[in-house]
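**Student:** One structure coming up, written as structure tokens, with questions to follow.
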Amino acid sequence: MPPRTSPTERQKRLGAELRKMRLAAGVSADSAAGLLGLDRSKVSAIEQGFRAISEERLRSLACHCDCADEEYINALVAMARTRKRGWWERYRGSLSASVLDIAELEAHATRMRCAHSVHIPGLLQTSEHALALFRFVVPSLPEDQVALRLAHRLERQQVLEGDSTPEYVAVVHEAALRMQFGGRKVARAQLEYLGHMAERGNIDLRVLTFEAGGFPGAGQTVNYLEGPTPRLDTVQIDSTHGPDFLHTEAQLSKYRAQLDWMERLSLSPTASRDFIHTLARQL
């Protein structure tokens with residue numbers, strides 16, 4: 001397993017939060033360095049996610065910055081403690097760092113929400129459906145890379161397994177349900193699998209039909225990963241160049257409102273399951 005050459009998205013987020021805390025309090029980097037007993041370059045490395053920070057130093061910084069939000073401080077401490085390598089690290093050097101970042105953020109999410117207009121959510125895809133998608137990548141991937149991506153996708157899905165899994169709310173547009181990636185047989189098996197997964201207690205699957213009309217963010221894939229406190233939520237957006245991660249308060253507020261709107265327009269979970277089963281029978 002090759003060593004990390006850069007911090008993970010979660011480590012960068014911790015550093016960004018510490019910098020934001022410092023700047024909001026009007027504390028200079030030199031002052032913070034003196035408080036923490038570090039030189040300025042090490043404070044910079046902490047704020048960029050390259051260097052770990054101890055719980056004692058983090059709490060001292062929060063106190064010096066007059067941050068009284070105990071829930072937020074405790075969440076930052078938990079982030080600082082969990083720099084250990086997760087299962088996704090086995091793929092480092094073989095898959096892009098941003099793909100591994102998604103798995104790490106999902107593993108630490110307290111609740112997940114998503115909206116998909118064209119694709120089935122990755123956490124709910126069958127292996128045959130995912131395989132068909134990976135073979136549509138441009139430029140074409142060699143078979144060993146396809147196999148790696150598929151193995152990683154299937155391991156990611158384990159976040160929905162077990163006794164203490166986070167709630168997962170997925171709004172899937174009818175267009176995504178009608179796409180036949182891999183052909184009719186694969187598409188039908190995918191729909192049947194969706195219907196099965198929708199029966200699980202931690203999964204709230206909702207269908208947004210064509211009849212619902214327009215909605216904000218049409219055509220965009222949004223994954224909203226809730227943290228232990230709303231200030232630490234993350235939005236992940238898919239794009240042709242790879243995933244983007246957003247976490248300013250304005251961005252979080254925008255995408256929460258967008259997802260709320262889509263959930264209101266969508267069918268109920270029961271009606272959604274019936275709709276999915278009807279589509280599967282048509283295939």
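Residues are referred to by chain and number: the chain letter is A, B, ... according to the order shown in the structure tokens, the number counts from 1 in that chain, and ligands are numbered separately from 1 in the order shown.
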Per DSSP on the backbone, filter region 163-241 of chain A down to the residues in alpha helix (DSSP H) and report them as a ChimeraX atom specification.
**Tutor:** /A:174-178,184-197
**Student:** Keeping only N, CA and C atoms, write the selected residues as a PDB file, in the first residue's frame.
**Tutor:**
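See result_8.pdb below for the written result:
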ATOM      1  N   GLU A 174     -37.418   9.090 -12.108  1.00  0.00           N
ATOM      2  CA  GLU A 174     -37.930   8.042 -12.996  1.00  0.00           C
ATOM      3  C   GLU A 174     -36.995   7.808 -14.186  1.00  0.00           C
ATOM      4  N   ALA A 175     -36.337   8.874 -14.653  1.00  0.00           N
ATOM      5  CA  ALA A 175     -35.410   8.725 -15.787  1.00  0.00           C
ATOM      6  C   ALA A 175     -34.303   7.731 -15.462  1.00  0.00           C
ATOM      7  N   ALA A 176     -33.782   7.792 -14.233  1.00  0.00           N
ATOM      8  CA  ALA A 176     -32.725   6.866 -13.834  1.00  0.00           C
ATOM      9  C   ALA A 176     -33.233   5.437 -13.789  1.00  0.00           C
ATOM     10  N   LEU A 177     -34.482   5.273 -13.354  1.00  0.00           N
ATOM     11  CA  LEU A 177     -35.057   3.930 -13.262  1.00  0.00           C
ATOM     12  C   LEU A 177     -35.290   3.317 -14.642  1.00  0.00           C
ATOM     13  N   ARG A 178     -35.516   4.155 -15.636  1.00  0.00           N
ATOM     14  CA  ARG A 178     -35.806   3.657 -16.979  1.00  0.00           C
ATOM     15  C   ARG A 178     -34.557   3.473 -17.844  1.00  0.00           C
ATOM     16  N   ARG A 184     -31.791  -5.036 -20.919  1.00  0.00           N
ATOM     17  CA  ARG A 184     -33.057  -5.242 -20.206  1.00  0.00           C
ATOM     18  C   ARG A 184     -32.908  -6.168 -18.993  1.00  0.00           C
ATOM     19  N   LYS A 185     -32.156  -7.239 -19.156  1.00  0.00           N
ATOM     20  CA  LYS A 185     -32.015  -8.202 -18.063  1.00  0.00           C
ATOM     21  C   LYS A 185     -31.327  -7.570 -16.859  1.00  0.00           C
ATOM     22  N   VAL A 186     -30.246  -6.828 -17.117  1.00  0.00           N
ATOM     23  CA  VAL A 186     -29.524  -6.156 -16.033  1.00  0.00           C
ATOM     24  C   VAL A 186     -30.401  -5.083 -15.403  1.00  0.00           C
ATOM     25  N   ALA A 187     -31.141  -4.335 -16.260  1.00  0.00           N
ATOM     26  CA  ALA A 187     -32.007  -3.271 -15.765  1.00  0.00           C
ATOM     27  C   ALA A 187     -33.118  -3.830 -14.878  1.00  0.00           C
ATOM     28  N   ARG A 188     -33.694  -4.953 -15.283  1.00  0.00           N
ATOM     29  CA  ARG A 188     -34.760  -5.541 -14.463  1.00  0.00           C
ATOM     30  C   ARG A 188     -34.212  -6.027 -13.122  1.00  0.00           C
ATOM     31  N   ALA A 189     -33.061  -6.671 -13.158  1.00  0.00           N
ATOM     32  CA  ALA A 189     -32.454  -7.144 -11.906  1.00  0.00           C
ATOM     33  C   ALA A 189     -32.133  -5.964 -10.986  1.00  0.00           C
ATOM     34  N   GLN A 190     -31.719  -4.850 -11.578  1.00  0.00           N
ATOM     35  CA  GLN A 190     -31.420  -3.659 -10.783  1.00  0.00           C
ATOM     36  C   GLN A 190     -32.686  -3.119 -10.113  1.00  0.00           C
ATOM     37  N   LEU A 191     -33.779  -3.064 -10.856  1.00  0.00           N
ATOM     38  CA  LEU A 191     -35.038  -2.585 -10.282  1.00  0.00           C
ATOM     39  C   LEU A 191     -35.534  -3.503  -9.176  1.00  0.00           C
ATOM     40  N   GLU A 192     -35.417  -4.803  -9.400  1.00  0.00           N
ATOM     41  CA  GLU A 192     -35.841  -5.753  -8.380  1.00  0.00           C
ATOM     42  C   GLU A 192     -34.994  -5.598  -7.115  1.00  0.00           C
ATOM     43  N   TYR A 193     -33.710  -5.342  -7.303  1.00  0.00           N
ATOM     44  CA  TYR A 193     -32.816  -5.143  -6.160  1.00  0.00           C
ATOM     45  C   TYR A 193     -33.175  -3.863  -5.408  1.00  0.00           C
ATOM     46  N   LEU A 194     -33.503  -2.812  -6.145  1.00  0.00           N
ATOM     47  CA  LEU A 194     -33.934  -1.570  -5.515  1.00  0.00           C
ATOM     48  C   LEU A 194     -35.180  -1.793  -4.662  1.00  0.00           C
ATOM     49  N   GLY A 195     -36.144  -2.531  -5.227  1.00  0.00           N
ATOM     50  CA  GLY A 195     -37.362  -2.826  -4.480  1.00  0.00           C
ATOM     51  C   GLY A 195     -37.058  -3.583  -3.197  1.00  0.00           C
ATOM     52  N   HIS A 196     -36.098  -4.508  -3.277  1.00  0.00           N
ATOM     53  CA  HIS A 196     -35.687  -5.268  -2.099  1.00  0.00           C
ATOM     54  C   HIS A 196     -35.024  -4.375  -1.059  1.00  0.00           C
ATOM     55  N   MET A 197     -34.097  -3.515  -1.495  1.00  0.00           N
ATOM     56  CA  MET A 197     -33.385  -2.639  -0.566  1.00  0.00           C
ATOM     57  C   MET A 197     -34.324  -1.623   0.077  1.00  0.00           C
TER      58      MET A 197
END
**Student:** Just give me the gap between CA of Asp163 (chain A) and CA of Thr229 (chain A) in Å, one decimal is fine.
**Tutor:**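 Atom-to-atom, CA of Asp163 (chain A) to CA of Thr229 (chain A), that is 21.9 Å.
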**Student:** Please return, as an NGL selection string, all residues of region 76-220 of chain A that DSSP assigns to strand (DSSP E or B) on the basis of the backbone.
**Tutor:** :A and (92 or 95 or 111-116 or 167-173 or 203-208)
**Student:** I'd like the contact shell of region 68-79 of chain A - 12 Å cut-off, only C-alpha atoms, skipping same-chain residues fewer than 5 positions apart - returned as number ranges by chain.
**Tutor:** A: 8-18, 21, 25, 49, 52-63, 84, 104-105, 108-110, 227-233
**Student:** Take the residues from that selection and put them in a file with C-alpha atoms, as a PDB file, in the first residue's frame.
**Tutor:**
ATOM      1  CA  THR A   8      -7.673  13.104   2.853  1.00  0.00           C
ATOM      2  CA  GLU A   9     -10.739  15.283   2.344  1.00  0.00           C
ATOM      3  CA  ARG A  10     -11.750  14.664   5.962  1.00  0.00           C
ATOM      4  CA  GLN A  11      -8.322  15.714   7.240  1.00  0.00           C
ATOM      5  CA  LYS A  12      -8.423  18.837   5.073  1.00  0.00           C
ATOM      6  CA  ARG A  13     -11.877  19.624   6.453  1.00  0.00           C
ATOM      7  CA  LEU A  14     -10.629  19.439  10.047  1.00  0.00           C
ATOM      8  CA  GLY A  15      -7.789  21.812   9.209  1.00  0.00           C
ATOM      9  CA  ALA A  16     -10.168  24.178   7.418  1.00  0.00           C
ATOM     10  CA  GLU A  17     -12.499  24.238  10.433  1.00  0.00           C
ATOM     11  CA  LEU A  18      -9.612  25.073  12.768  1.00  0.00           C
ATOM     12  CA  MET A  21     -12.305  29.156  14.014  1.00  0.00           C
ATOM     13  CA  ALA A  25     -11.806  35.061  16.512  1.00  0.00           C
ATOM     14  CA  GLY A  49      -4.588  18.776   6.980  1.00  0.00           C
ATOM     15  CA  ALA A  52      -2.318  15.923  13.234  1.00  0.00           C
ATOM     16  CA  ILE A  53      -3.348  17.942  16.277  1.00  0.00           C
ATOM     17  CA  SER A  54      -3.747  16.548  19.773  1.00  0.00           C
ATOM     18  CA  GLU A  55      -6.976  16.841  21.726  1.00  0.00           C
ATOM     19  CA  GLU A  56      -5.285  19.051  24.315  1.00  0.00           C
ATOM     20  CA  ARG A  57      -4.044  21.512  21.700  1.00  0.00           C
ATOM     21  CA  LEU A  58      -7.357  21.522  19.857  1.00  0.00           C
ATOM     22  CA  ARG A  59      -9.307  22.322  23.020  1.00  0.00           C
ATOM     23  CA  SER A  60      -6.774  25.005  23.977  1.00  0.00           C
ATOM     24  CA  LEU A  61      -7.176  26.614  20.570  1.00  0.00           C
ATOM     25  CA  ALA A  62     -10.979  26.502  20.839  1.00  0.00           C
ATOM     26  CA  CYS A  63     -10.854  28.103  24.294  1.00  0.00           C
ATOM     27  CA  LYS A  84      -6.395   5.644  11.213  1.00  0.00           C
ATOM     28  CA  GLU A 104     -14.224   7.721   4.165  1.00  0.00           C
ATOM     29  CA  LEU A 105     -16.859  10.450   4.436  1.00  0.00           C
ATOM     30  CA  HIS A 108     -18.248   8.678   9.253  1.00  0.00           C
ATOM     31  CA  ALA A 109     -21.624  10.105   8.210  1.00  0.00           C
ATOM     32  CA  THR A 110     -24.425  10.065  10.770  1.00  0.00           C
ATOM     33  CA  GLY A 227     -21.836  14.991  10.297  1.00  0.00           C
ATOM     34  CA  PRO A 228     -22.218  14.815  14.086  1.00  0.00           C
ATOM     35  CA  THR A 229     -23.233  18.494  13.971  1.00  0.00           C
ATOM     36  CA  PRO A 230     -24.727  20.378  10.993  1.00  0.00           C
ATOM     37  CA  ARG A 231     -21.648  22.603  10.831  1.00  0.00           C
ATOM     38  CA  LEU A 232     -19.669  19.536   9.731  1.00  0.00           C
ATOM     39  CA  ASP A 233     -21.988  18.358   6.950  1.00  0.00           C
TER      40      ASP A 233
END
**Student:** So which one's closest to Leu100 (chain A), A:Gly217, A:Gly26, A:Gly86, A:Gly183? Using only C-alpha atoms, please.
**Tutor:**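 Closest residue, counting only C-alpha atoms: A:Gly86.
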**Student:** Find, counting only C-alpha atoms, the residue in A:Ser266, A:Gln145, A:Thr221, A:Thr209 that gets nearest to Ala115 (chain A).
**Tutor:**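 Nearest to Ala115 (chain A): A:Thr221.
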**Student:** Enter the distance from CA of His129 (chain A) to CA of Leu205 (chain A), in Å, rounded to one decimal.
**Tutor:**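 Result for CA of His129 (chain A) versus CA of Leu205 (chain A): 18.0 Å, one decimal.
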**Student:** Find the residues around Ala198 (chain A) up to 12 Å (only C-alpha atoms counted), leave out those fewer than 2 positions away in its own chain, and share them as a PyMOL selection string.
**Tutor:** chain A and resi 124+160+167-172+191-196+200-207+268-277
